file start_30.pdb (PDB, C-alpha atoms and all ligand atoms)
ATOM      1  CA  MET L  13       0.000   0.000   0.000
ATOM      2  CA  LYS L  14       1.239   3.475  -0.844
ATOM      3  CA  VAL L  15       2.414   5.707   2.017
ATOM      4  CA  LYS L  16       0.469   8.975   1.764
ATOM      5  CA  LYS L  17       0.653  10.386   5.268
ATOM      6  CA  ALA L  18       3.490  11.359   7.580
ATOM      7  CA  VAL L  19       3.396  11.977  11.308
ATOM      8  CA  ILE L  20       5.843  14.502  12.756
ATOM      9  CA  PRO L  21       5.916  14.668  16.531
ATOM     10  CA  ALA L  22       6.747  18.195  17.703
ATOM     11  CA  ALA L  23       5.445  18.323  21.240
ATOM     12  CA  GLY L  24       8.660  18.098  23.283
ATOM     13  CA  PHE L  25       9.853  20.852  25.592
ATOM     14  CA  GLY L  26      13.289  21.139  23.993
ATOM     15  CA  THR L  27      14.965  21.141  27.394
ATOM     16  CA  ARG L  28      18.377  20.419  25.851
ATOM     17  CA  PHE L  29      18.264  23.884  24.249
ATOM     18  CA  LEU L  30      17.083  26.015  27.153
ATOM     19  CA  PRO L  31      17.026  28.965  27.432
ATOM     20  CA  ALA L  32      16.738  29.316  23.618
ATOM     21  CA  THR L  33      13.598  27.172  23.641
ATOM     22  CA  LYS L  34      11.792  28.909  26.499
ATOM     23  CA  VAL L  35       9.527  30.690  23.991
ATOM     24  CA  VAL L  36      10.721  29.498  20.577
ATOM     25  CA  PRO L  37       9.922  25.834  19.828
ATOM     26  CA  LYS L  38      13.106  23.842  19.168
ATOM     27  CA  GLU L  39      11.669  22.835  15.772
ATOM     28  CA  LEU L  40      11.978  26.465  14.685
ATOM     29  CA  LEU L  41      15.642  26.892  15.593
ATOM     30  CA  PRO L  42      17.385  27.558  12.281
ATOM     31  CA  ILE L  43      20.064  25.599  10.493
ATOM     32  CA  VAL L  44      21.665  28.576   8.703
ATOM     33  CA  ASP L  45      18.432  30.249   7.538
ATOM     34  CA  LYS L  46      15.772  27.529   7.653
ATOM     35  CA  PRO L  47      14.029  26.092  10.720
ATOM     36  CA  THR L  48      14.983  22.464  11.377
ATOM     37  CA  ILE L  49      11.380  21.352  10.839
ATOM     38  CA  GLN L  50      11.370  22.842   7.355
ATOM     39  CA  TYR L  51      14.142  20.449   6.304
ATOM     40  CA  ILE L  52      11.905  17.616   7.518
ATOM     41  CA  MET L  53       8.866  18.988   5.631
ATOM     42  CA  GLU L  54      10.976  19.279   2.493
ATOM     43  CA  GLU L  55      12.015  15.643   2.872
ATOM     44  CA  VAL L  56       8.341  14.691   3.144
ATOM     45  CA  ALA L  57       7.279  16.813   0.158
ATOM     46  CA  LEU L  58      10.131  15.545  -2.029
ATOM     47  CA  SER L  59       9.094  11.984  -1.180
ATOM     48  CA  GLY L  60       5.611  12.484  -2.618
ATOM     49  CA  ILE L  61       3.772  12.324   0.717
ATOM     50  CA  GLU L  62       0.627  14.443   0.547
ATOM     51  CA  GLU L  63      -0.430  15.022   4.124
ATOM     52  CA  VAL L  64       1.456  15.752   7.327
ATOM     53  CA  ILE L  65       0.024  15.226  10.770
ATOM     54  CA  LEU L  66       1.898  17.444  13.165
ATOM     55  CA  ILE L  67       1.659  16.451  16.816
ATOM     56  CA  THR L  68       2.024  19.624  18.829
ATOM     57  CA  GLY L  69       2.142  20.564  22.471
ATOM     58  CA  ARG L  70       1.553  23.856  24.223
ATOM     59  CA  GLU L  71       3.016  27.017  22.704
ATOM     60  CA  LYS L  72       3.636  25.387  19.330
ATOM     61  CA  GLY L  73       1.236  27.523  17.258
ATOM     62  CA  SER L  74       4.201  29.258  15.652
ATOM     63  CA  ILE L  75       5.151  26.008  13.885
ATOM     64  CA  GLU L  76       1.730  25.954  12.204
ATOM     65  CA  ASP L  77       2.102  29.662  11.394
ATOM     66  CA  HIS L  78       5.434  29.001   9.725
ATOM     67  CA  PHE L  79       3.784  26.695   7.194
ATOM     68  CA  ASP L  80       0.718  28.910   6.727
ATOM     69  CA  THR L  81       0.245  31.761   4.263
ATOM     70  CA  SER L  82       1.424  35.112   5.599
ATOM     71  CA  THR L  83      -0.504  37.733   3.614
ATOM     72  CA  GLU L  84       1.084  40.681   5.425
ATOM     73  CA  LEU L  85       4.630  39.477   4.852
ATOM     74  CA  GLU L  86       3.871  38.591   1.230
ATOM     75  CA  ASN L  87       2.387  42.056   0.566
ATOM     76  CA  HIS L  88       5.409  43.682   2.189
ATOM     77  CA  LEU L  89       7.854  41.703   0.034
ATOM     78  CA  ARG L  90       5.789  42.430  -3.103
ATOM     79  CA  LYS L  91       5.843  46.156  -2.337
ATOM     80  CA  LYS L  92       9.617  46.081  -1.816
ATOM     81  CA  GLY L  93      10.107  44.215  -5.085
ATOM     82  CA  ARG L  94      11.695  41.233  -3.282
ATOM     83  CA  ASP L  95      10.340  38.564  -5.619
ATOM     84  CA  ASP L  96      13.202  36.270  -4.620
ATOM     85  CA  LEU L  97      12.111  36.194  -0.966
ATOM     86  CA  LEU L  98       8.426  36.150  -1.914
ATOM     87  CA  LYS L  99       9.047  32.903  -3.778
ATOM     88  CA  VAL L 100      10.851  31.414  -0.752
ATOM     89  CA  VAL L 101       7.969  32.326   1.565
ATOM     90  CA  GLN L 102       5.248  31.106  -0.812
ATOM     91  CA  GLU L 103       6.972  27.783  -1.389
ATOM     92  CA  ILE L 104       6.808  27.018   2.328
ATOM     93  CA  SER L 105       3.050  27.437   2.623
ATOM     94  CA  GLY L 106       2.371  25.350  -0.488
ATOM     95  CA  MET L 107       4.595  22.471   0.580
ATOM     96  CA  VAL L 108       2.134  19.955   2.060
ATOM     97  CA  THR L 109      -1.325  19.762   3.599
ATOM     98  CA  LEU L 110      -0.881  20.124   7.313
ATOM     99  CA  VAL L 111      -3.194  18.785   9.997
ATOM    100  CA  SER L 112      -2.247  19.378  13.582
ATOM    101  CA  VAL L 113      -3.242  17.342  16.583
ATOM    102  CA  ARG L 114      -2.572  18.455  20.129
ATOM    103  CA  GLN L 115      -0.850  16.042  22.502
ATOM    104  CA  LYS L 116      -2.415  17.083  25.772
ATOM    105  CA  GLU L 117       0.301  15.680  28.029
ATOM    106  CA  PRO L 118       3.963  14.963  27.209
ATOM    107  CA  LEU L 119       3.740  11.202  27.710
ATOM    108  CA  GLY L 120       6.475  10.078  25.338
ATOM    109  CA  LEU L 121       7.066   9.360  21.652
ATOM    110  CA  GLY L 122       4.736   6.339  21.531
ATOM    111  CA  HIS L 123       1.911   8.413  22.987
ATOM    112  CA  ALA L 124       2.593  11.300  20.565
ATOM    113  CA  ILE L 125       2.230   8.919  17.620
ATOM    114  CA  LEU L 126      -0.919   7.429  19.100
ATOM    115  CA  CYS L 127      -2.454  10.928  18.950
ATOM    116  CA  ALA L 128      -2.448  10.596  15.124
ATOM    117  CA  LYS L 129      -4.593   7.431  15.168
ATOM    118  CA  ARG L 130      -7.844   8.977  13.977
ATOM    119  CA  VAL L 131      -6.305  11.135  11.264
ATOM    120  CA  VAL L 132      -4.111   8.362   9.868
ATOM    121  CA  GLY L 133      -6.894   5.765   9.749
ATOM    122  CA  LYS L 134      -6.205   2.315   8.398
ATOM    123  CA  GLU L 135      -3.198   2.795   6.166
ATOM    124  CA  PRO L 136       0.562   2.521   6.611
ATOM    125  CA  PHE L 137       2.201   5.840   7.441
ATOM    126  CA  ALA L 138       5.612   7.441   7.832
ATOM    127  CA  VAL L 139       7.026   8.923  11.034
ATOM    128  CA  LEU L 140       9.820  11.516  10.954
ATOM    129  CA  LEU L 141      11.477  12.782  14.115
ATOM    130  CA  GLY L 142      12.511  16.411  13.912
ATOM    131  CA  ASP L 143      15.778  15.978  15.813
ATOM    132  CA  ASP L 144      17.166  13.697  13.122
ATOM    133  CA  LEU L 145      18.209  15.815  10.189
ATOM    134  CA  ILE L 146      19.205  13.668   7.217
ATOM    135  CA  ASP L 147      21.161  15.144   4.372
ATOM    136  CA  ALA L 148      20.825  12.804   1.388
ATOM    137  CA  ASN L 149      20.655  12.946  -2.400
ATOM    138  CA  VAL L 150      17.510  10.824  -2.314
ATOM    139  CA  PRO L 151      15.428  11.863   0.727
ATOM    140  CA  CYS L 152      15.686   9.199   3.437
ATOM    141  CA  ILE L 153      11.941   8.566   3.733
ATOM    142  CA  ARG L 154      11.736   8.235  -0.049
ATOM    143  CA  GLN L 155      14.491   5.578   0.015
ATOM    144  CA  MET L 156      12.452   3.764   2.646
ATOM    145  CA  MET L 157       9.163   4.030   0.729
ATOM    146  CA  LYS L 158      10.837   2.349  -2.217
ATOM    147  CA  ILE L 159      11.986  -0.592  -0.066
ATOM    148  CA  TYR L 160       8.597  -0.777   1.677
ATOM    149  CA  GLN L 161       6.767  -1.267  -1.647
ATOM    150  CA  ASP L 162       7.779  -4.915  -1.620
ATOM    151  CA  MET L 163       7.183  -5.684   2.025
ATOM    152  CA  ASP L 164       4.660  -6.070   4.826
ATOM    153  CA  GLY L 165       5.143  -5.156   8.434
ATOM    154  CA  ALA L 166       7.277  -2.187   9.407
ATOM    155  CA  LEU L 167      10.491  -0.548   8.274
ATOM    156  CA  ILE L 168      12.775   1.514  10.477
ATOM    157  CA  ALA L 169      15.835   3.558   9.577
ATOM    158  CA  ILE L 170      19.080   2.418  11.162
ATOM    159  CA  GLN L 171      22.664   3.595  11.219
ATOM    160  CA  LYS L 172      25.869   2.203  12.725
ATOM    161  CA  VAL L 173      26.967   4.301  15.696
ATOM    162  CA  PRO L 174      30.093   4.122  17.884
ATOM    163  CA  ARG L 175      29.561   1.487  20.622
ATOM    164  CA  GLN L 176      30.166   4.067  23.366
ATOM    165  CA  GLU L 177      27.156   6.067  22.099
ATOM    166  CA  ALA L 178      24.730   3.132  21.832
ATOM    167  CA  HIS L 179      23.072   3.992  25.161
ATOM    168  CA  LEU L 180      21.638   7.157  23.559
ATOM    169  CA  TYR L 181      19.520   5.254  21.027
ATOM    170  CA  GLY L 182      17.095   2.457  20.432
ATOM    171  CA  ILE L 183      19.323  -0.416  19.284
ATOM    172  CA  ILE L 184      18.345  -3.352  17.117
ATOM    173  CA  LYS L 185      19.829  -6.778  16.693
ATOM    174  CA  GLY L 186      19.112  -8.244  13.307
ATOM    175  CA  LYS L 187      20.049 -10.590  10.507
ATOM    176  CA  LYS L 188      21.122  -9.082   7.203
ATOM    177  CA  VAL L 189      18.645 -10.190   4.533
ATOM    178  CA  MET L 190      19.753  -8.027   1.625
ATOM    179  CA  ASP L 191      21.981  -5.069   0.898
ATOM    180  CA  ARG L 192      21.374  -2.514   3.702
ATOM    181  CA  VAL L 193      18.324  -4.409   5.026
ATOM    182  CA  TYR L 194      18.182  -6.329   8.311
ATOM    183  CA  SER L 195      15.399  -8.471   9.683
ATOM    184  CA  VAL L 196      14.947  -7.250  13.259
ATOM    185  CA  GLU L 197      15.185  -9.913  15.971
ATOM    186  CA  GLU L 198      15.563  -7.770  19.065
ATOM    187  CA  MET L 199      15.156  -4.118  20.065
ATOM    188  CA  VAL L 200      16.290  -2.289  23.188
ATOM    189  CA  GLU L 201      15.471   1.336  23.953
ATOM    190  CA  LYS L 202      18.530   3.156  25.356
ATOM    191  CA  PRO L 203      20.433   0.084  26.612
ATOM    192  CA  GLU L 204      22.681   0.382  29.640
ATOM    193  CA  LYS L 205      26.255   1.316  28.790
ATOM    194  CA  GLY L 206      28.144  -1.720  27.500
ATOM    195  CA  LYS L 207      24.981  -3.826  27.168
ATOM    196  CA  ALA L 208      23.799  -2.945  23.642
ATOM    197  CA  PRO L 209      23.122  -6.016  21.467
ATOM    198  CA  SER L 210      24.800  -4.321  18.455
ATOM    199  CA  ASN L 211      25.881  -0.924  17.139
ATOM    200  CA  LEU L 212      22.855  -0.587  14.819
ATOM    201  CA  ALA L 213      20.908   2.408  16.122
ATOM    202  CA  ILE L 214      17.337   3.369  15.298
ATOM    203  CA  ILE L 215      17.252   6.772  13.588
ATOM    204  CA  GLY L 216      14.046   8.830  13.535
ATOM    205  CA  ARG L 217      12.416   7.563  10.325
ATOM    206  CA  TYR L 218       9.810   4.809  10.379
ATOM    207  CA  ILE L 219       7.144   3.338   8.108
ATOM    208  CA  LEU L 220       4.523   1.714  10.285
ATOM    209  CA  PRO L 221       1.331  -0.263   9.765
ATOM    210  CA  PRO L 222      -1.863   1.076  11.420
ATOM    211  CA  ARG L 223      -1.841  -1.938  13.758
ATOM    212  CA  ILE L 224       0.790  -0.069  15.810
ATOM    213  CA  PHE L 225      -1.955   2.206  17.186
ATOM    214  CA  ASP L 226      -3.872  -0.645  18.860
ATOM    215  CA  ILE L 227      -0.598  -1.891  20.292
ATOM    216  CA  LEU L 228       0.491   1.538  21.594
ATOM    217  CA  GLU L 229      -2.830   1.840  23.407
ATOM    218  CA  ARG L 230      -1.783  -1.141  25.527
ATOM    219  CA  VAL L 231       1.909  -0.321  26.074
ATOM    220  CA  LYS L 232       2.683   0.371  29.722
ATOM    221  CA  PRO L 233       4.528   3.596  30.582
ATOM    222  CA  ASP L 234       8.221   3.228  31.466
ATOM    223  CA  ARG L 235       9.907   4.343  34.715
ATOM    224  CA  ARG L 236       9.638   7.978  33.635
ATOM    225  CA  GLY L 237       5.931   7.619  32.874
ATOM    226  CA  GLU L 238       6.523   7.691  29.096
ATOM    227  CA  ILE L 239       5.067   5.391  26.468
ATOM    228  CA  GLN L 240       7.975   4.368  24.269
ATOM    229  CA  LEU L 241       7.542   3.681  20.567
ATOM    230  CA  THR L 242      10.252   1.016  20.769
ATOM    231  CA  GLU L 243       8.136  -0.951  23.273
ATOM    232  CA  GLY L 244       5.254  -0.865  20.785
ATOM    233  CA  LEU L 245       7.568  -2.000  17.994
ATOM    234  CA  LYS L 246       8.773  -4.942  20.074
ATOM    235  CA  GLU L 247       5.163  -6.021  20.487
ATOM    236  CA  LEU L 248       4.431  -5.469  16.769
ATOM    237  CA  ASN L 249       7.424  -7.644  15.880
ATOM    238  CA  ARG L 250       5.632 -10.626  17.463
ATOM    239  CA  GLU L 251       2.894 -10.273  14.819
ATOM    240  CA  VAL L 252       4.605  -8.994  11.668
ATOM    241  CA  PRO L 253       8.191  -8.732  10.435
ATOM    242  CA  ILE L 254      10.104  -5.521  11.128
ATOM    243  CA  TYR L 255      13.051  -4.565   8.963
ATOM    244  CA  GLY L 256      15.865  -2.123   9.611
ATOM    245  CA  TYR L 257      17.154  -0.146   6.640
ATOM    246  CA  GLU L 258      20.630   1.372   6.640
ATOM    247  CA  PHE L 259      19.848   4.546   4.713
ATOM    248  CA  ILE L 260      22.259   6.432   2.465
ATOM    249  CA  GLY L 261      22.978   9.923   3.782
ATOM    250  CA  ASP L 262      24.494  11.969   6.597
ATOM    251  CA  ARG L 263      22.533  12.314   9.791
ATOM    252  CA  TYR L 264      22.811  15.158  12.293
ATOM    253  CA  ASP L 265      21.307  15.108  15.767
ATOM    254  CA  ALA L 266      19.832  18.601  15.617
ATOM    255  CA  GLY L 267      18.389  18.113  19.105
ATOM    256  CA  ASP L 268      21.874  18.120  20.585
ATOM    257  CA  LYS L 269      24.038  21.239  20.859
ATOM    258  CA  PHE L 270      27.056  19.691  19.161
ATOM    259  CA  GLY L 271      24.994  18.013  16.408
ATOM    260  CA  TYR L 272      23.166  21.277  15.843
ATOM    261  CA  LEU L 273      26.435  23.157  15.346
ATOM    262  CA  GLN L 274      27.752  20.408  13.057
ATOM    263  CA  ALA L 275      24.617  20.728  10.908
ATOM    264  CA  ASN L 276      24.970  24.511  10.762
ATOM    265  CA  LEU L 277      28.588  24.215   9.657
ATOM    266  CA  SER L 278      27.927  21.517   7.109
ATOM    267  CA  PHE L 279      24.937  23.288   5.530
ATOM    268  CA  GLY L 280      26.643  26.667   5.960
ATOM    269  CA  LEU L 281      29.745  25.564   4.030
ATOM    270  CA  ARG L 282      27.514  24.662   1.067
ATOM    271  CA  HIS L 283      25.292  27.732   1.305
ATOM    272  CA  PRO L 284      25.516  29.853  -1.875
ATOM    273  CA  GLU L 285      25.543  33.127   0.073
ATOM    274  CA  ILE L 286      27.938  32.371   2.916
ATOM    275  CA  GLY L 287      29.773  29.127   2.005
ATOM    276  CA  THR L 288      33.057  30.652   0.813
ATOM    277  CA  LYS L 289      33.135  33.249   3.569
ATOM    278  CA  LEU L 290      32.525  30.614   6.243
ATOM    279  CA  LYS L 291      35.291  28.391   4.889
ATOM    280  CA  ARG L 292      37.722  31.290   5.030
ATOM    281  CA  TYR L 293      36.625  32.138   8.557
ATOM    282  CA  LEU L 294      36.975  28.556   9.802
ATOM    283  CA  LYS L 295      40.585  28.501   8.583
ATOM    284  CA  THR L 296      41.367  31.515  10.770
ATOM    285  CA  LEU L 297      40.084  29.587  13.787
ATOM    286  CA  SER L 298      42.760  26.900  13.567
ATOM    287  CA  SER L 299      44.820  28.770  16.180
ATOM    288  CA  TYR L 300      42.110  27.906  18.778
ATOM    289  CA  CYS L 301      42.320  24.180  18.087
TER     290      CYS L 301
HETATM  291  C1  LIG M 401      14.013   8.364  19.863
HETATM  292  C2  LIG M 401      13.733   6.850  19.851
HETATM  293  C3  LIG M 401      15.049   6.068  19.769
HETATM  294  C4  LIG M 401      15.859   6.524  18.570
HETATM  295  C5  LIG M 401      16.052   8.057  18.597
HETATM  296  C6  LIG M 401      16.702   8.541  17.308
HETATM  297  O1  LIG M 401      14.674   8.669  21.072
HETATM  298  O2  LIG M 401      13.019   6.499  21.024
HETATM  299  O3  LIG M 401      14.775   4.695  19.659
HETATM  300  O4  LIG M 401      17.111   5.880  18.553
HETATM  301  O5  LIG M 401      14.800   8.745  18.747
HETATM  302  O6  LIG M 401      16.934   9.905  17.325
HETATM  303  P1  LIG M 401      14.874  10.185  21.604
HETATM  304  O7  LIG M 401      16.166  10.661  21.023
HETATM  305  O8  LIG M 401      13.695  10.970  21.129
HETATM  306  O9  LIG M 401      14.942  10.066  23.087
END
call {"tool": "encode", "arguments": {"input": "start_30.pdb", "output": "structure tokens", "more": "lines below"}}
Ligand code: G1P
result
Amino acid sequence: MKVKKAVIPAAGFGTRFLPATKVVPKELLPIVDKPTIQYIMEEVALSGIEEVILITGREKGSIEDHFDTSTELENHLRKKGRDDLLKVVQEISGMVTLVSVRQKEPLGLGHAILCAKRVVGKEPFAVLLGDDLIDANVPCIRQMMKIYQDMDGALIAIQKVPRQEAHLYGIIKGKKVMDRVYSVEEMVEKPEKGKAPSNLAIIGRYILPPRIFDILERVKPDRRGEIQLTEGLKELNREVPIYGYEFIGDRYDAGDKFGYLQANLSFGLRHPEIGTKLKRYLKTLSSYC
């Protein structure tokens, strides 16, 4: 079945970026000149997905505004003859159809996805986590949709990570079944240091069957009171096969200060306006290193 809908959870508090995220949602922090969530929306749009279900929390109205038409701003740019910027602004609002659903309490990723149950209905859907920024020639979720065409069950993006960082991720153990594809046998959410079953980490891109909703409704909250998606996936794996796909592309953890800076540098160095200048500037910094 074709994947037509994508769920983007954006209800977190962004505590790792306080005080910047006290008023501004972390999804709107820019990588050079574009909010992180816009990169995710572009990935969705370029993959041919028609509808996005945004799961929002309190104070997240500005994310919806960002993807809405801004008549005042457009009139202003028209008057100033800034057709270049007008085009940029108009492209954003025409990107995808956006439906937003409010997550009333921050009860974890699994719960956030469950909030999309009614809007998604009975079809497989994509999930994209805003912290995982993936820079790829073919958008990551598009690569996954191509693989998913010939399969049932669920598909999750994976990437090899250094063993000493495995405790920061959901980790899978699997058997390689074809190039870049693993059949998942085991999953552990944030394993204790030194206890990960492999170095294959779950990255925030998933294609899930609607059955996951019924399962998430039954998943018990963890020690922190959160309903984890990985727990739901473990349950789902008892009923249908789950595959891990090692995508092609560079991933940045934009939810982490260091990853965020890395993304800014990497995108900045290729930015037509500032790329050359930034390169020159970085060379002058070598005396600090
Ligand atoms: C979530 C998932 C985790 C995954 C990670 C990727 O964790 O629960 O399995 O490895 O995203 O970014 P979070 O980083 O939101 O705590």
call {"tool": "resolve_selection", "arguments": {"input": "start_30.pdb", "expression": "the PyMOL selection byres (((chain L and resi 73) around 12) and not hetatm)", "output": "number ranges by chain"}}
result
L: 22-23, 35-37, 39-40, 66-72, 74-80, 112-114
call {"tool": "closest_residue", "arguments": {"input": "start_30.pdb", "among": "L:Gly26, L:Pro233, L:Pro151, L:Gly287", "to": "Val56 in chain L", "atoms": "only C-alpha atoms"}}
result
L:Pro151
call {"tool": "residues_near_ligand", "arguments": {"input": "start_30.pdb", "ligand": "ligand LIG 401 (chain M)", "cutoff": "10 Å", "atoms": "all atoms listed in the file", "output": "PyMOL selection string"}}
result
chain L and resi 21+24+120-122+140-145+168-171+178-184+199-202+212-217+239-243+245+263-268
call {"tool": "closest_residue", "arguments": {"input": "start_30.pdb", "among": "L:Gly237, L:Val100, L:Gln161, L:Glu258", "to": "Lys188 in chain L", "atoms": "only C-alpha atoms"}}
result
L:Glu258
call {"tool": "resolve_selection", "arguments": {"input": "start_30.pdb", "expression": "the PyMOL selection byres (((chain L and resi 86) around 10) and not hetatm)", "output": "PyMOL selection string"}}
result
chain L and resi 81-85+87-92+94-95+97-99+101-102
call {"tool": "closest_residue", "arguments": {"input": "start_30.pdb", "among": "L:Ile52, L:Val196, L:Leu126, L:Leu167", "to": "Asp147 in chain L", "atoms": "all atoms listed in the file"}}
result
L:Ile52
call {"tool": "resolve_selection", "arguments": {"input": "start_30.pdb", "expression": "the PyMOL selection byres (((chain L and resi 44) around 8) and not hetatm)", "output": "ChimeraX atom specification"}}
result
/L:42-43,45-46,276,279-280
call {"tool": "closest_residue", "arguments": {"input": "start_30.pdb", "among": "L:Glu55, L:Ala124, L:Ile61, L:Ile146", "to": "Gly271 in chain L", "atoms": "all atoms listed in the file"}}
result
L:Ile146
call {"tool": "atom_distance", "arguments": {"input": "start_30.pdb", "atom1": "CA of Val19 in chain L", "atom2": "CA of Ala148 in chain L"}}
result
20.1 Å
call {"tool": "decode", "arguments": {"input": "start_30.pdb", "residues": "range 56-133 of chain L", "atoms": "C-alpha atoms", "output": "compact mmCIF listing (two decimals), in the first residue's frame"}}
result
# COMPACT_ATOMS: atom_id res chain seq x y z
CA VAL L 56 8.34 14.69 3.14
CA ALA L 57 7.28 16.81 0.16
CA LEU L 58 10.13 15.54 -2.03
CA SER L 59 9.09 11.98 -1.18
CA GLY L 60 5.61 12.48 -2.62
CA ILE L 61 3.77 12.32 0.72
CA GLU L 62 0.63 14.44 0.55
CA GLU L 63 -0.43 15.02 4.12
CA VAL L 64 1.46 15.75 7.33
CA ILE L 65 0.02 15.23 10.77
CA LEU L 66 1.90 17.44 13.16
CA ILE L 67 1.66 16.45 16.82
CA THR L 68 2.02 19.62 18.83
CA GLY L 69 2.14 20.56 22.47
CA ARG L 70 1.55 23.86 24.22
CA GLU L 71 3.02 27.02 22.70
CA LYS L 72 3.64 25.39 19.33
CA GLY L 73 1.24 27.52 17.26
CA SER L 74 4.20 29.26 15.65
CA ILE L 75 5.15 26.01 13.88
CA GLU L 76 1.73 25.95 12.20
CA ASP L 77 2.10 29.66 11.39
CA HIS L 78 5.43 29.00 9.73
CA PHE L 79 3.78 26.69 7.19
CA ASP L 80 0.72 28.91 6.73
CA THR L 81 0.24 31.76 4.26
CA SER L 82 1.42 35.11 5.60
CA THR L 83 -0.50 37.73 3.61
CA GLU L 84 1.08 40.68 5.43
CA LEU L 85 4.63 39.48 4.85
CA GLU L 86 3.87 38.59 1.23
CA ASN L 87 2.39 42.06 0.57
CA HIS L 88 5.41 43.68 2.19
CA LEU L 89 7.85 41.70 0.03
CA ARG L 90 5.79 42.43 -3.10
CA LYS L 91 5.84 46.16 -2.34
CA LYS L 92 9.62 46.08 -1.82
CA GLY L 93 10.11 44.21 -5.09
CA ARG L 94 11.69 41.23 -3.28
CA ASP L 95 10.34 38.56 -5.62
CA ASP L 96 13.20 36.27 -4.62
CA LEU L 97 12.11 36.19 -0.97
CA LEU L 98 8.43 36.15 -1.91
CA LYS L 99 9.05 32.90 -3.78
CA VAL L 100 10.85 31.41 -0.75
CA VAL L 101 7.97 32.33 1.56
CA GLN L 102 5.25 31.11 -0.81
CA GLU L 103 6.97 27.78 -1.39
CA ILE L 104 6.81 27.02 2.33
CA SER L 105 3.05 27.44 2.62
CA GLY L 106 2.37 25.35 -0.49
CA MET L 107 4.60 22.47 0.58
CA VAL L 108 2.13 19.96 2.06
CA THR L 109 -1.33 19.76 3.60
CA LEU L 110 -0.88 20.12 7.31
CA VAL L 111 -3.19 18.79 10.00
CA SER L 112 -2.25 19.38 13.58
CA VAL L 113 -3.24 17.34 16.58
CA ARG L 114 -2.57 18.45 20.13
CA GLN L 115 -0.85 16.04 22.50
CA LYS L 116 -2.41 17.08 25.77
CA GLU L 117 0.30 15.68 28.03
CA PRO L 118 3.96 14.96 27.21
CA LEU L 119 3.74 11.20 27.71
CA GLY L 120 6.47 10.08 25.34
CA LEU L 121 7.07 9.36 21.65
CA GLY L 122 4.74 6.34 21.53
CA HIS L 123 1.91 8.41 22.99
CA ALA L 124 2.59 11.30 20.57
CA ILE L 125 2.23 8.92 17.62
CA LEU L 126 -0.92 7.43 19.10
CA CYS L 127 -2.45 10.93 18.95
CA ALA L 128 -2.45 10.60 15.12
CA LYS L 129 -4.59 7.43 15.17
CA ARG L 130 -7.84 8.98 13.98
CA VAL L 131 -6.30 11.14 11.26
CA VAL L 132 -4.11 8.36 9.87
CA GLY L 133 -6.89 5.76 9.75
